[in-house]
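Data from model-v2.txt: compact mmCIF, C-alpha atoms
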# COMPACT_ATOMS: atom_id res chain seq x y z
CA MET A 25 -24.82 -20.74 3.28
CA VAL A 26 -25.27 -18.53 0.22
CA THR A 27 -28.25 -19.18 -2.09
CA LYS A 28 -27.43 -18.59 -5.75
CA LEU A 29 -30.28 -16.69 -7.38
CA LEU A 30 -30.71 -16.06 -11.10
CA ILE A 31 -33.13 -13.45 -12.46
CA ILE A 32 -34.23 -14.55 -15.94
CA ILE A 33 -35.58 -11.78 -18.15
CA PRO A 34 -37.12 -12.95 -21.45
CA CYS A 35 -37.13 -10.12 -23.99
CA PHE A 36 -38.61 -9.56 -27.40
CA ASN A 37 -38.37 -5.95 -28.61
CA GLU A 38 -38.13 -4.41 -25.14
CA GLU A 39 -35.73 -1.53 -25.91
CA ALA A 40 -38.18 0.96 -24.36
CA SER A 41 -38.08 -0.66 -20.91
CA ILE A 42 -35.07 -2.97 -20.50
CA ALA A 43 -32.56 -0.28 -19.45
CA PHE A 44 -34.88 1.02 -16.72
CA LEU A 45 -35.47 -2.52 -15.44
CA LEU A 46 -31.77 -3.40 -15.36
CA ASN A 47 -30.93 -0.13 -13.60
CA GLU A 48 -33.52 -0.95 -10.94
CA LEU A 49 -32.07 -4.44 -10.53
CA LYS A 50 -28.57 -2.96 -10.16
CA GLN A 51 -29.82 -0.88 -7.22
CA LEU A 52 -31.83 -3.70 -5.64
CA VAL A 53 -30.76 -4.86 -2.17
CA VAL A 54 -31.53 -8.48 -1.29
CA PRO A 55 -30.67 -10.30 1.97
CA ASN A 56 -26.96 -11.14 2.17
CA THR A 57 -27.78 -14.84 2.14
CA PHE A 58 -28.55 -14.49 -1.59
CA GLU A 59 -26.06 -14.07 -4.43
CA LEU A 60 -27.95 -12.41 -7.29
CA SER A 61 -27.16 -12.72 -11.00
CA VAL A 62 -29.16 -11.63 -14.05
CA ALA A 63 -29.59 -13.32 -17.44
CA VAL A 64 -31.36 -11.53 -20.29
CA ILE A 65 -32.72 -13.93 -22.91
CA ASN A 66 -32.97 -11.94 -26.13
CA ASP A 67 -35.60 -13.79 -28.15
CA CYS A 68 -34.36 -12.65 -31.57
CA SER A 69 -35.48 -9.05 -31.03
CA LYS A 70 -35.62 -6.76 -34.07
CA ASP A 71 -34.78 -3.63 -32.08
CA ASN A 72 -31.87 -2.59 -29.82
CA THR A 73 -32.79 -4.78 -26.85
CA ALA A 74 -29.56 -6.81 -26.99
CA LEU A 75 -27.30 -3.77 -27.50
CA ILE A 76 -28.84 -2.03 -24.48
CA ALA A 77 -28.66 -5.12 -22.24
CA GLU A 78 -25.01 -5.73 -23.14
CA LYS A 79 -24.10 -2.37 -21.59
CA PHE A 80 -24.93 -3.80 -18.17
CA SER A 81 -23.10 -6.39 -16.08
CA VAL A 82 -25.51 -9.18 -16.94
CA VAL A 83 -25.43 -12.34 -19.02
CA VAL A 84 -27.07 -11.84 -22.42
CA ILE A 85 -28.11 -14.93 -24.35
CA ASN A 86 -29.09 -14.13 -27.94
CA LEU A 87 -31.40 -16.71 -29.50
CA PRO A 88 -30.86 -17.17 -33.26
CA VAL A 89 -34.60 -17.57 -33.90
CA ASN A 90 -37.69 -16.41 -32.05
CA LEU A 91 -38.78 -19.21 -29.69
CA GLY A 92 -41.57 -17.39 -27.86
CA ILE A 93 -41.82 -16.91 -24.11
CA GLY A 94 -41.75 -20.64 -23.32
CA GLY A 95 -38.60 -21.33 -25.32
CA ALA A 96 -36.89 -18.23 -24.01
CA MET A 97 -37.66 -19.17 -20.42
CA GLN A 98 -36.55 -22.77 -20.89
CA THR A 99 -33.25 -21.41 -22.24
CA GLY A 100 -32.91 -19.43 -19.02
CA TYR A 101 -33.75 -22.45 -16.85
CA LYS A 102 -31.15 -24.53 -18.71
CA TYR A 103 -28.57 -21.83 -18.01
CA ALA A 104 -29.62 -21.80 -14.33
CA TRP A 105 -29.37 -25.60 -14.07
CA GLU A 106 -26.01 -25.87 -15.82
CA ASN A 107 -24.53 -23.10 -13.66
CA ASN A 108 -25.80 -24.56 -10.37
CA PHE A 109 -28.24 -21.84 -9.35
CA ASP A 110 -30.45 -22.71 -6.40
CA LEU A 111 -33.31 -20.41 -7.42
CA ALA A 112 -34.50 -18.86 -10.67
CA VAL A 113 -36.97 -15.99 -10.91
CA GLN A 114 -38.76 -14.94 -14.07
CA MET A 115 -39.10 -11.19 -14.39
CA ASP A 116 -40.65 -9.82 -17.59
CA GLY A 117 -38.63 -7.33 -19.61
CA ASP A 118 -41.54 -4.90 -20.06
CA GLY A 119 -41.25 -3.45 -16.55
CA GLN A 120 -44.48 -4.93 -15.15
CA HIS A 121 -42.62 -6.65 -12.32
CA PRO A 122 -40.91 -4.09 -10.05
CA PRO A 123 -37.59 -5.50 -8.78
CA ALA A 124 -38.38 -4.24 -5.26
CA GLU A 125 -41.21 -6.80 -5.14
CA LEU A 126 -38.68 -9.63 -5.58
CA ASN A 127 -37.97 -9.65 -1.84
CA LYS A 128 -41.59 -10.70 -1.22
CA LEU A 129 -41.05 -13.84 -3.28
CA LEU A 130 -37.75 -14.55 -1.52
CA GLN A 131 -39.23 -14.06 1.95
CA TYR A 132 -42.17 -16.31 1.14
CA TRP A 133 -39.83 -19.01 -0.18
CA GLN A 134 -37.68 -18.79 2.95
CA HIS A 135 -40.74 -19.32 5.15
CA THR A 136 -42.33 -22.14 3.14
CA ASN A 137 -39.63 -23.81 0.99
CA ALA A 138 -42.24 -24.03 -1.77
CA ASN A 139 -40.97 -25.37 -5.08
CA VAL A 140 -42.78 -22.65 -7.03
CA VAL A 141 -43.79 -19.22 -5.71
CA ILE A 142 -46.04 -17.10 -7.94
CA GLY A 143 -46.31 -13.35 -7.45
CA SER A 144 -50.03 -12.55 -7.51
CA ARG A 145 -51.58 -9.14 -8.15
CA PHE A 146 -55.03 -10.32 -7.05
CA LEU A 147 -54.57 -11.48 -3.45
CA ILE A 148 -54.62 -7.93 -2.06
CA LYS A 149 -55.81 -6.17 -5.25
CA GLN A 150 -53.23 -3.38 -5.25
CA GLY A 151 -51.31 -1.97 -8.19
CA PHE A 152 -52.12 -2.59 -11.84
CA GLN A 153 -54.98 -5.08 -12.14
CA SER A 154 -55.12 -5.47 -15.96
CA SER A 155 -58.19 -4.92 -18.15
CA ALA A 156 -61.63 -6.29 -17.30
CA LEU A 157 -61.47 -8.73 -20.22
CA ARG A 158 -58.12 -10.08 -19.15
CA ARG A 159 -59.24 -10.36 -15.54
CA TRP A 160 -62.14 -12.50 -16.75
CA GLY A 161 -59.70 -14.74 -18.63
CA ILE A 162 -57.41 -15.02 -15.60
CA SER A 163 -60.40 -15.95 -13.43
CA TYR A 164 -61.32 -18.62 -15.96
CA PHE A 165 -57.80 -20.11 -15.76
CA HIS A 166 -57.98 -20.02 -11.97
CA TRP A 167 -61.00 -22.33 -12.00
CA LEU A 168 -59.62 -24.50 -14.80
CA ASN A 169 -56.42 -25.00 -12.83
CA LYS A 170 -58.49 -25.78 -9.75
CA PHE A 171 -60.31 -28.47 -11.76
CA PHE A 172 -57.08 -30.03 -13.05
CA THR A 173 -54.89 -29.71 -9.96
CA GLY A 174 -57.14 -29.17 -6.95
CA ILE A 175 -55.25 -26.02 -5.91
CA HIS A 176 -56.25 -22.36 -6.02
CA ILE A 177 -53.89 -20.14 -8.03
CA TYR A 178 -55.63 -16.81 -8.51
CA ASP A 179 -53.04 -15.26 -10.85
CA SER A 180 -52.12 -18.26 -12.97
CA THR A 181 -51.01 -16.10 -15.91
CA SER A 182 -48.49 -14.21 -13.77
CA GLY A 183 -44.98 -14.36 -15.20
CA PHE A 184 -43.44 -13.18 -11.92
CA ARG A 185 -42.51 -16.51 -10.38
CA LEU A 186 -39.75 -18.23 -8.43
CA PHE A 187 -38.53 -21.79 -9.07
CA ASP A 188 -36.37 -23.81 -6.71
CA ARG A 189 -33.87 -26.41 -7.89
CA LYS A 190 -36.51 -29.14 -8.32
CA ALA A 191 -38.74 -26.89 -10.42
CA ILE A 192 -35.75 -25.74 -12.49
CA GLU A 193 -34.84 -29.37 -13.20
CA LEU A 194 -38.38 -30.13 -14.36
CA ALA A 195 -38.50 -27.00 -16.54
CA VAL A 196 -35.25 -28.06 -18.21
CA GLN A 197 -36.84 -31.38 -19.17
CA TYR A 198 -40.15 -29.88 -20.31
CA TYR A 199 -41.60 -26.40 -20.32
CA PRO A 200 -44.72 -25.37 -22.27
CA ASP A 201 -44.17 -23.12 -25.27
CA GLU A 202 -45.83 -19.89 -26.41
CA TYR A 203 -48.06 -19.13 -23.35
CA PRO A 204 -46.59 -21.36 -20.65
CA GLU A 205 -47.75 -19.88 -17.35
CA PRO A 206 -51.18 -21.57 -16.83
CA GLU A 207 -50.14 -24.88 -18.37
CA SER A 208 -46.94 -25.13 -16.35
CA ILE A 209 -48.99 -25.12 -13.15
CA VAL A 210 -50.64 -28.37 -14.29
CA VAL A 211 -47.23 -29.85 -15.17
CA PHE A 212 -45.71 -28.95 -11.81
CA ALA A 213 -48.73 -30.07 -9.79
CA LYS A 214 -48.79 -33.46 -11.55
CA SER A 215 -45.11 -33.88 -10.67
CA GLY A 216 -45.87 -33.34 -6.99
CA LEU A 217 -44.26 -29.93 -6.62
CA SER A 218 -45.68 -27.46 -4.10
CA ILE A 219 -47.05 -24.30 -5.75
CA HIS A 220 -47.91 -21.21 -3.72
CA GLU A 221 -48.88 -17.58 -4.30
CA THR A 222 -47.80 -14.46 -2.49
CA PRO A 223 -49.16 -10.94 -3.03
CA VAL A 224 -47.09 -8.49 -5.09
CA ILE A 225 -47.77 -5.11 -6.65
CA MET A 226 -47.32 -4.93 -10.41
CA LYS A 227 -47.19 -2.05 -12.87
CA GLU A 228 -48.63 -1.54 -16.31
CA ARG A 229 -46.11 -2.46 -19.00
CA GLN A 230 -43.55 0.33 -19.36
CA GLY A 231 -42.99 -0.03 -23.10
CA GLY A 232 -43.40 -2.28 -26.12
CA LYS A 233 -46.54 -4.20 -27.04
CA SER A 234 -48.19 -7.23 -25.52
CA SER A 235 -48.13 -10.45 -27.56
CA ILE A 236 -51.79 -10.98 -26.64
CA ARG A 237 -54.12 -8.48 -28.30
CA TYR A 238 -57.88 -8.13 -28.11
CA PHE A 239 -58.57 -10.17 -31.23
CA SER A 240 -56.27 -12.99 -30.13
CA GLN A 241 -57.50 -13.36 -26.56
CA LEU A 242 -60.19 -15.91 -27.43
CA TYR A 243 -57.61 -17.88 -29.44
CA TYR A 244 -55.25 -17.68 -26.44
CA ILE A 245 -57.90 -19.00 -24.04
CA VAL A 246 -58.89 -21.89 -26.32
CA LYS A 247 -55.31 -22.88 -27.15
CA VAL A 248 -54.08 -22.78 -23.56
CA SER A 249 -57.15 -24.68 -22.33
CA ILE A 250 -56.43 -27.49 -24.80
CA ALA A 251 -52.74 -27.51 -23.82
CA MET A 252 -53.67 -27.71 -20.13
CA PHE A 253 -55.96 -30.65 -20.84
CA PHE A 254 -53.24 -32.58 -22.68
CA SER A 255 -50.74 -31.82 -19.90
CA PHE A 256 -53.30 -33.17 -17.43
CA ILE A 257 -53.81 -36.49 -19.29
CA ARG A 258 -50.15 -36.91 -20.27
CA LYS A 259 -48.39 -39.66 -18.33
Once more with this new file: its structure as structure tokens, please.
Amino acid sequence: MVTKLLIIIPCFNEEASIAFLLNELKQLVVPNTFELSVAVINDCSKDNTALIAEKFSVVVINLPVNLGIGGAMQTGYKYAWENNFDLAVQMDGDGQHPPAELNKLLQYWQHTNANVVIGSRFLIKQGFQSSALRRWGISYFHWLNKFFTGIHIYDSTSGFRLFDRKAIELAVQYYPDEYPEPESIVVFAKSGLSIHETPVIMKERQGGKSSIRYFSQLYYIVKVSIAMFFSFIRK
């Protein structure tokens, strides 16, 4: 039986890296039990992201307004649900998530049938580990998620993650906006989904600029913490 797999790539001004990423995906070999497709969600980019992506054999969905990472990803999950994909994998458009590492997520899912598989850079501490300040913030979210859910997710801000059909269905109904990764773990755990991590090797972003800068990191931590709390108490 063939498993339909959709790679969802949210993009905002990623013209410097998107062609390299899509070329790598074109050359990627996955087990023959998977049928791989790619959807680029162009989040109202102001550069040539859409024009570059449209040169490849991928689906390009152009959002008329900027929705942020959460809205872009939910658009991708809706596309996955409506087109009967069995699995959906988020892969950032900035090149941080090497396509070759995708097979680690697929192998882990095959062995565990977890609803959500998160690619973690911290389980074996290889590859790009981010700045010291960001590592402190990620550690903070690890313990906050442990408090809310009772499970250990060491790289809860990782955007390299696999959803099965149940997780896709839940993301279609509700997916956190702006900075969704830590909060979504609370949402999925409360819904009884199984959430696991597997080690992957990530790179430093290959182009563009991060949406989280030094002066906004405290704001990010406070805002996401509040959002996680309200997701925890929401019925």
field: Counting all atoms listed in the file, the residue of A:Leu91, A:Met252, A:Ile76, A:Ala112 that sits nearest A:Glu59
entry: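 Of A:Leu91, A:Met252, A:Ile76, A:Ala112, the one nearest A:Glu59 is A:Ala112, counting all atoms listed in the file.
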- prompt: Smallest atom-to-atom distance to A:Leu87: which of A:Pro122, A:Pro34, A:Gly216, A:Pro223, using only C-alpha atoms?
  reply: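 Looking at the shortest contact to A:Leu87, the residue is A:Pro34.
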task: Show which residues sit within 10 Å of A:Pro88, as a count of residues only. Count all atoms listed in the file, and ignore same-chain residues fewer than 4 positions away.
output: 4
Residue nearest A:Thr73 - candidates A:Leu45, A:Ile31, A:Val196, A:Ile225, atoms counted: only C-alpha atoms: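 Ranked by minimum distance to A:Thr73, first place goes to A:Leu45.
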- line: For A:Glu78, the closest of A:Leu30, A:Val64, A:Ile177, A:Val54 counting all atoms listed in the file is A:Val64
- prompt: From the set A:Cys35, A:His135, A:Leu194, A:Leu168, which residue has the shortest atom-to-atom contact distance to A:Ala251, counting all atoms listed in the file?
  reply: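 Closest residue, counting all atoms listed in the file: A:Leu168.
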All residues 12 Å or closer to A:Asn56, all atoms listed in the file, same chain fewer than 3 positions away omitted, as a PDB file with C-alpha atoms, keeping the file's coordinate frame:
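Written file, selection.pdb:
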ATOM      1  CA  MET A  25     -24.820 -20.740   3.280  1.00  0.00           C
ATOM      2  CA  VAL A  26     -25.270 -18.530   0.220  1.00  0.00           C
ATOM      3  CA  THR A  27     -28.250 -19.180  -2.090  1.00  0.00           C
ATOM      4  CA  LYS A  28     -27.430 -18.590  -5.750  1.00  0.00           C
ATOM      5  CA  LEU A  29     -30.280 -16.690  -7.380  1.00  0.00           C
ATOM      6  CA  LEU A  52     -31.830  -3.700  -5.640  1.00  0.00           C
ATOM      7  CA  VAL A  53     -30.760  -4.860  -2.170  1.00  0.00           C
ATOM      8  CA  GLU A  59     -26.060 -14.070  -4.430  1.00  0.00           C
ATOM      9  CA  LEU A  60     -27.950 -12.410  -7.290  1.00  0.00           C
ATOM     10  CA  ASN A 127     -37.970  -9.650  -1.840  1.00  0.00           C
ATOM     11  CA  LEU A 130     -37.750 -14.550  -1.520  1.00  0.00           C
TER      12      LEU A 130
END
message: Just want the 12 Å neighbourhood of stretch 146-149 of chain A, counted on only C-alpha atoms, with same-chain residues fewer than 6 positions away dropped. Output as a ChimeraX atom specification.
response: /A:159,162-163,166,176-182,220-226
- prompt: Which residue, A:Trp105, A:Phe36, A:Tyr198, A:Tyr203, has the smallest gap to A:Ser249 when you use only C-alpha atoms?
  reply: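 Ranked by minimum distance to A:Ser249, first place goes to A:Tyr203.
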message: For a quick check of your reading of the model, name the residues lying within 12 Å of the coordinate (-39.8, -15.2, 0.6), counting only C-alpha atoms, and write them as a PyMOL selection string.
response: chain A and resi 54-55+58+111+113+125-143+185-188+220-224
message: I want to know what sits within 10 Å of A:Glu39, based on all atoms listed in the file, with residues of the same chain fewer than 4 positions away left out; could you give that as an NGL selection string?
response: :A and (35 or 43-44 or 69-77 or 117-118 or 231-232)
Excluding same-chain residues fewer than 6 positions from A:Val210, what lies within 9 Å of it counting all atoms listed in the file, as a PDB file with C-alpha atoms, keeping the file's coordinate frame?
ATOM      1  CA  ASN A 169     -56.420 -25.000 -12.830  1.00  0.00           C
ATOM      2  CA  PHE A 172     -57.080 -30.030 -13.050  1.00  0.00           C
ATOM      3  CA  THR A 173     -54.890 -29.710  -9.960  1.00  0.00           C
ATOM      4  CA  MET A 252     -53.670 -27.710 -20.130  1.00  0.00           C
ATOM      5  CA  PHE A 253     -55.960 -30.650 -20.840  1.00  0.00           C
ATOM      6  CA  SER A 255     -50.740 -31.820 -19.900  1.00  0.00           C
ATOM      7  CA  PHE A 256     -53.300 -33.170 -17.430  1.00  0.00           C
TER       8      PHE A 256
END
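For the pair atom CA of A:Gln197 and atom CA of A:Ile219, the separation is 18.3 Å.
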message: Report, in Å to a single decimal, how far apart atom CA of A:Ile175 and atom CA of A:Met115 are.
response: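 Atom CA of A:Ile175 lies at a distance of 23.5 Å from atom CA of A:Met115.
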